[in-house]
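Participant: A single structure is presented below for examination.
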Amino acid sequence: MQAHLSLSGSVSCHQRVLEPGMRSVVRHAGLPSADTRGSQRRAFLGARLSPAGARPARSSRPLRMVTRAAEDGEGRSVDGMAKAMGGAQVKKNMILVVGATGTLGRQVVRRALDEGYEVRCTVRPRQNPADFLRDWGATTVKADLNDPSSLPAALVGIHTVIDCSTARPEEPTNKIDWEGKVALIQTAQAMGIQRFVFYSIQNCEKHPEVPLMLIKNRTEEFLRKSGLNFTIFRLCGFMQAIIGNYAVPILEDKQVWGTSDQTKTAYLDTTDVARMTLASLRSEATVGETLTLAGPDAYTVEGVIE
């Protein structure tokens with residue numbers, strides 16, 4: 001059953017649409033209580049990947065010891081920068097989007113700007129510059145998940161971090177999606193970030209044999225224990241991916257690769273994901289929640305091609 005509700009209501013229902021006119025469904029997943037999250041904040045530790053790269057293992061060193069070593073380009077430690085900010089007023093509409101040039105990230109940036117947020121985007125040196133982000137009205141800052149020392153300066157004056165990033169095809173997944181995300185979460189915790197949005201994958205806990213799904217699940221666990229005010233969105237598949245993977249090759253009379261597997265994917269539009277993300281920031285009820293977003297219909301690979 002779907003109900004057209006805004007986020008001002010309870011999030012205890014199992015299935016619903018966040019706002020009128022949106023095509024995607026949210027399913028609620030239970031998480032630790034506020035008391036539990038409080039104890040987890042105090043117990044938050046650093047983490048690293050095991051040598052095999054398959055399962056992250058928690059370090060015995062406290063967060064303070066981990067983050068103290070990270071410095072910005074001018075040699076200032078995270079702790080030092082956080083203390084320097086002590087008492088400084090951070091505007092609630094200040095958002096940092098990590099992975100802002102990606103399929104989802106650019107939609108989040110556009111939506112946030114349309115809703116009146118001040119948006120800062122992390123960018124890396126790339127063949128195609130991020131000029132379009134500045135043309136839209138966002139500001140950019142050089143930061144890279146490959147380089148934890150670049151992160152603290154990017155988070156100064158930020159209220160909410162929205163992490164849309166993922167490894168590029170030519171990059172090692174562990175380096176970006178585990179080690180980089182751990183560094184980002186630790187830096188956000190040390191810098192006193194008020195909200196943190198993370199995108200994961202539906203049913204990631206059920207498929208540890210898939211490296212990215214294992215990493216997403218472990219990152220979820222790490223984020224829950226960080227003490228940050230987080231919201232996790234578990235996504236299925238992007239409708240935009242269908243264009244490049246199927247529509248264009250078919251129109252160009254080229255081969256399309258797929259499987260005969262009958263598993264169905266409920267694709268959703270990234271503009272809807274962005275809209276729901278910004279809606280979640282308007283409600284405290286989404287803090288500490290894991291929400292699965294899915295499109296209204298699900299398709300097999302054969303179904304998409306047909």
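Chain labels A, B, ... are given in the sequence in which chains occur in the structure tokens; within each chain residues are numbered consecutively from 1, and ligands are likewise numbered from 1 in the order shown.
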Give me the residues within 8 Å of range 107-122 of chain A as a list in words, counting only C-alpha atoms and dropping any in the same chain fewer than 6 places off.

Facilitator: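 Residues near the query, excluding close chain neighbours: Asn93, Met94, Ile95, Leu96, Val97, Val98, Gly99, Ala100, Leu133, Trp136, Gly137, Ala138, Thr139, Thr140, Val141, Lys142, Ala143, Asp144, Ala154, Thr270, Thr271, Val273, Ala274, Arg275, Thr277 and Leu278 of chain A.
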
Participant: Can you spit out the residues from that selection as an mmCIF file, in the first residue's frame, using N, CA and C atoms?

Facilitator:
```cif
data_model
loop_
_atom_site.group_PDB
_atom_site.id
_atom_site.type_symbol
_atom_site.label_atom_id
_atom_site.label_comp_id
_atom_site.auth_asym_id
_atom_site.auth_seq_id
_atom_site.Cartn_x
_atom_site.Cartn_y
_atom_site.Cartn_z
ATOM 1 N N ASN A 93 21.691 25.642 6.353
ATOM 2 C CA ASN A 93 21.512 25.397 4.917
ATOM 3 C C ASN A 93 22.839 25.179 4.182
ATOM 4 N N MET A 94 23.930 24.992 4.933
ATOM 5 C CA MET A 94 25.229 24.744 4.319
ATOM 6 C C MET A 94 25.425 23.239 4.094
ATOM 7 N N ILE A 95 25.504 22.837 2.820
ATOM 8 C CA ILE A 95 25.602 21.425 2.452
ATOM 9 C C ILE A 95 26.887 21.166 1.679
ATOM 10 N N LEU A 96 27.523 20.051 1.998
ATOM 11 C CA LEU A 96 28.653 19.581 1.195
ATOM 12 C C LEU A 96 28.220 18.321 0.465
ATOM 13 N N VAL A 97 28.350 18.315 -0.864
ATOM 14 C CA VAL A 97 28.033 17.133 -1.658
ATOM 15 C C VAL A 97 29.342 16.512 -2.128
ATOM 16 N N VAL A 98 29.571 15.278 -1.730
ATOM 17 C CA VAL A 98 30.755 14.534 -2.151
ATOM 18 C C VAL A 98 30.333 13.642 -3.327
ATOM 19 N N GLY A 99 31.102 13.676 -4.403
ATOM 20 C CA GLY A 99 30.691 12.960 -5.615
ATOM 21 C C GLY A 99 29.689 13.751 -6.421
ATOM 22 N N ALA A 100 29.869 15.073 -6.450
ATOM 23 C CA ALA A 100 28.865 15.970 -7.034
ATOM 24 C C ALA A 100 28.776 15.903 -8.549
ATOM 25 N N LEU A 133 28.872 22.909 -12.309
ATOM 26 C CA LEU A 133 28.441 23.066 -10.920
ATOM 27 C C LEU A 133 28.521 24.529 -10.501
ATOM 28 N N TRP A 136 25.821 26.585 -12.117
ATOM 29 C CA TRP A 136 24.528 26.449 -11.438
ATOM 30 C C TRP A 136 24.438 27.317 -10.185
ATOM 31 N N GLY A 137 25.583 27.669 -9.585
ATOM 32 C CA GLY A 137 25.579 28.474 -8.368
ATOM 33 C C GLY A 137 26.236 27.806 -7.181
ATOM 34 N N ALA A 138 26.773 26.606 -7.369
ATOM 35 C CA ALA A 138 27.476 25.920 -6.286
ATOM 36 C C ALA A 138 28.916 26.405 -6.216
ATOM 37 N N THR A 139 29.554 26.204 -5.075
ATOM 38 C CA THR A 139 30.983 26.462 -4.955
ATOM 39 C C THR A 139 31.706 25.115 -4.946
ATOM 40 N N THR A 140 32.961 25.119 -5.346
ATOM 41 C CA THR A 140 33.722 23.881 -5.404
ATOM 42 C C THR A 140 34.973 23.992 -4.547
ATOM 43 N N VAL A 141 35.408 22.853 -4.025
ATOM 44 C CA VAL A 141 36.614 22.775 -3.221
ATOM 45 C C VAL A 141 37.349 21.505 -3.602
ATOM 46 N N LYS A 142 38.667 21.584 -3.700
ATOM 47 C CA LYS A 142 39.443 20.411 -4.063
ATOM 48 C C LYS A 142 39.565 19.482 -2.854
ATOM 49 N N ALA A 143 39.087 18.273 -3.019
ATOM 50 C CA ALA A 143 39.179 17.250 -1.975
ATOM 51 C C ALA A 143 39.055 15.893 -2.635
ATOM 52 N N ASP A 144 39.690 14.893 -2.039
ATOM 53 C CA ASP A 144 39.752 13.579 -2.663
ATOM 54 C C ASP A 144 39.706 12.515 -1.584
ATOM 55 N N ALA A 154 37.540 20.928 3.583
ATOM 56 C CA ALA A 154 36.302 20.927 2.813
ATOM 57 C C ALA A 154 35.076 20.952 3.709
ATOM 58 N N THR A 270 17.049 9.310 -10.723
ATOM 59 C CA THR A 270 17.912 9.998 -9.765
ATOM 60 C C THR A 270 17.330 11.339 -9.321
ATOM 61 N N THR A 271 16.484 11.940 -10.144
ATOM 62 C CA THR A 271 15.848 13.190 -9.711
ATOM 63 C C THR A 271 14.899 12.941 -8.541
ATOM 64 N N VAL A 273 15.403 10.484 -6.318
ATOM 65 C CA VAL A 273 16.297 10.236 -5.183
ATOM 66 C C VAL A 273 16.740 11.568 -4.583
ATOM 67 N N ALA A 274 17.110 12.507 -5.435
ATOM 68 C CA ALA A 274 17.530 13.828 -4.959
ATOM 69 C C ALA A 274 16.395 14.520 -4.214
ATOM 70 N N ARG A 275 15.204 14.413 -4.752
ATOM 71 C CA ARG A 275 14.044 15.063 -4.129
ATOM 72 C C ARG A 275 13.762 14.477 -2.750
ATOM 73 N N THR A 277 15.956 12.928 -0.880
ATOM 74 C CA THR A 277 17.077 13.271 -0.009
ATOM 75 C C THR A 277 16.869 14.621 0.644
ATOM 76 N N LEU A 278 16.514 15.606 -0.162
ATOM 77 C CA LEU A 278 16.300 16.945 0.387
ATOM 78 C C LEU A 278 15.080 16.979 1.303
#
```

Participant: Could you tell me how far CA of Ala167 in chain A lies from CA of Pro148 in chain A, in Å and to one decimal?

Facilitator: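 Going from CA of Ala167 in chain A over to CA of Pro148 in chain A, I get 15.1 Å.
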
Participant: Write down as a ChimeraX atom specification the residues of range 100-177 of chain A whose backbone DSSP state falls under strand (DSSP E or B).

Facilitator: /A:118-123,139-142,144,147,160-163

Participant: Could those residues be written to a file, using N, CA and C atoms, as a tab-separated table (two decimals), in the first residue's frame?

Facilitator:
```
chain	number	residue	atom	x	y	z
A	118	GLU	N	22.86	26.50	0.34
A	118	GLU	CA	24.19	26.88	-0.12
A	118	GLU	C	24.99	25.59	-0.27
A	119	VAL	N	25.43	25.30	-1.48
A	119	VAL	CA	26.02	24.00	-1.78
A	119	VAL	C	27.50	24.13	-2.11
A	120	ARG	N	28.28	23.34	-1.40
A	120	ARG	CA	29.72	23.22	-1.69
A	120	ARG	C	29.95	21.81	-2.23
A	121	CYS	N	30.77	21.68	-3.25
A	121	CYS	CA	31.01	20.38	-3.88
A	121	CYS	C	32.50	20.05	-3.85
A	122	THR	N	32.81	18.82	-3.48
A	122	THR	CA	34.20	18.39	-3.59
A	122	THR	C	34.46	17.97	-5.04
A	123	VAL	N	35.60	18.37	-5.57
A	123	VAL	CA	35.96	18.00	-6.94
A	123	VAL	C	37.40	17.51	-6.96
A	139	THR	N	29.55	26.20	-5.08
A	139	THR	CA	30.98	26.46	-4.96
A	139	THR	C	31.71	25.12	-4.95
A	140	THR	N	32.96	25.12	-5.35
A	140	THR	CA	33.72	23.88	-5.40
A	140	THR	C	34.97	23.99	-4.55
A	141	VAL	N	35.41	22.85	-4.02
A	141	VAL	CA	36.61	22.77	-3.22
A	141	VAL	C	37.35	21.51	-3.60
A	142	LYS	N	38.67	21.58	-3.70
A	142	LYS	CA	39.44	20.41	-4.06
A	142	LYS	C	39.57	19.48	-2.85
A	144	ASP	N	39.69	14.89	-2.04
A	144	ASP	CA	39.75	13.58	-2.66
A	144	ASP	C	39.71	12.52	-1.58
A	147	ASP	N	42.81	10.94	-0.52
A	147	ASP	CA	43.72	11.73	0.30
A	147	ASP	C	42.98	12.28	1.51
A	160	THR	N	25.65	19.84	6.81
A	160	THR	CA	25.22	18.53	6.34
A	160	THR	C	26.13	18.03	5.23
A	161	VAL	N	26.56	16.77	5.36
A	161	VAL	CA	27.34	16.12	4.30
A	161	VAL	C	26.45	15.11	3.60
A	162	ILE	N	26.38	15.18	2.27
A	162	ILE	CA	25.66	14.21	1.47
A	162	ILE	C	26.67	13.48	0.61
A	163	ASP	N	26.87	12.21	0.89
A	163	ASP	CA	27.92	11.44	0.22
A	163	ASP	C	27.34	10.66	-0.95
```

Participant: Which polymer residues have any atom within 10 Å of an atom of Leu281 in chain A, counting only C-alpha atoms, with same-chain residues fewer than 2 positions away left out, as JSON, numbers by chain?

Facilitator: {"A": [7, 92, 93, 160, 195, 196, 197, 231, 276, 277, 278, 279, 283, 284, 285, 286, 287]}

Participant: Take the residues that were just selected and, keeping N, CA, C and O atoms, output them as an mmCIF file, in the first residue's frame.

Facilitator:
```cif
data_model
loop_
_atom_site.group_PDB
_atom_site.id
_atom_site.type_symbol
_atom_site.label_atom_id
_atom_site.label_comp_id
_atom_site.auth_asym_id
_atom_site.auth_seq_id
_atom_site.Cartn_x
_atom_site.Cartn_y
_atom_site.Cartn_z
ATOM 1 N N LEU A 7 7.283 14.058 4.841
ATOM 2 C CA LEU A 7 8.145 13.550 5.895
ATOM 3 C C LEU A 7 7.813 14.133 7.255
ATOM 4 O O LEU A 7 8.444 13.792 8.245
ATOM 5 N N LYS A 92 22.404 26.233 8.914
ATOM 6 C CA LYS A 92 21.758 24.949 8.673
ATOM 7 C C LYS A 92 21.630 24.633 7.196
ATOM 8 O O LYS A 92 21.471 23.474 6.801
ATOM 9 N N ASN A 93 21.691 25.642 6.353
ATOM 10 C CA ASN A 93 21.512 25.397 4.917
ATOM 11 C C ASN A 93 22.839 25.179 4.182
ATOM 12 O O ASN A 93 22.872 25.167 2.955
ATOM 13 N N THR A 160 25.652 19.839 6.815
ATOM 14 C CA THR A 160 25.219 18.526 6.338
ATOM 15 C C THR A 160 26.131 18.027 5.229
ATOM 16 O O THR A 160 26.428 18.760 4.291
ATOM 17 N N ARG A 195 24.495 16.594 10.174
ATOM 18 C CA ARG A 195 23.736 15.553 9.466
ATOM 19 C C ARG A 195 24.656 14.899 8.438
ATOM 20 O O ARG A 195 25.498 15.553 7.825
ATOM 21 N N PHE A 196 24.447 13.592 8.223
ATOM 22 C CA PHE A 196 25.266 12.853 7.258
ATOM 23 C C PHE A 196 24.351 11.913 6.492
ATOM 24 O O PHE A 196 23.669 11.072 7.089
ATOM 25 N N VAL A 197 24.343 12.042 5.168
ATOM 26 C CA VAL A 197 23.509 11.194 4.315
ATOM 27 C C VAL A 197 24.423 10.255 3.527
ATOM 28 O O VAL A 197 25.389 10.698 2.892
ATOM 29 N N THR A 231 21.387 9.500 7.959
ATOM 30 C CA THR A 231 20.272 8.883 7.243
ATOM 31 C C THR A 231 20.885 8.054 6.125
ATOM 32 O O THR A 231 21.738 8.550 5.376
ATOM 33 N N MET A 276 13.853 13.157 -2.651
ATOM 34 C CA MET A 276 13.623 12.514 -1.357
ATOM 35 C C MET A 276 14.735 12.815 -0.367
ATOM 36 O O MET A 276 14.504 12.944 0.831
ATOM 37 N N THR A 277 15.956 12.928 -0.880
ATOM 38 C CA THR A 277 17.077 13.271 -0.009
ATOM 39 C C THR A 277 16.869 14.621 0.644
ATOM 40 O O THR A 277 17.016 14.781 1.857
ATOM 41 N N LEU A 278 16.514 15.606 -0.162
ATOM 42 C CA LEU A 278 16.300 16.945 0.387
ATOM 43 C C LEU A 278 15.080 16.979 1.303
ATOM 44 O O LEU A 278 15.065 17.715 2.292
ATOM 45 N N ALA A 279 14.055 16.179 0.981
ATOM 46 C CA ALA A 279 12.886 16.098 1.863
ATOM 47 C C ALA A 279 13.282 15.542 3.224
ATOM 48 O O ALA A 279 12.775 15.974 4.263
ATOM 49 N N SER A 283 13.210 16.952 8.064
ATOM 50 C CA SER A 283 12.539 16.248 9.164
ATOM 51 C C SER A 283 13.554 15.547 10.055
ATOM 52 O O SER A 283 14.426 14.819 9.568
ATOM 53 N N GLU A 284 13.418 15.765 11.358
ATOM 54 C CA GLU A 284 14.263 15.064 12.328
ATOM 55 C C GLU A 284 13.876 13.588 12.418
ATOM 56 O O GLU A 284 14.641 12.775 12.934
ATOM 57 N N ALA A 285 12.694 13.241 11.912
ATOM 58 C CA ALA A 285 12.231 11.854 11.998
ATOM 59 C C ALA A 285 13.084 10.911 11.162
ATOM 60 O O ALA A 285 13.038 9.690 11.361
ATOM 61 N N THR A 286 13.852 11.435 10.225
ATOM 62 C CA THR A 286 14.674 10.572 9.381
ATOM 63 C C THR A 286 16.070 10.339 9.959
ATOM 64 O O THR A 286 16.837 9.550 9.412
ATOM 65 N N VAL A 287 16.402 11.005 11.050
ATOM 66 C CA VAL A 287 17.715 10.819 11.663
ATOM 67 C C VAL A 287 17.810 9.415 12.248
ATOM 68 O O VAL A 287 16.920 8.959 12.963
#
```
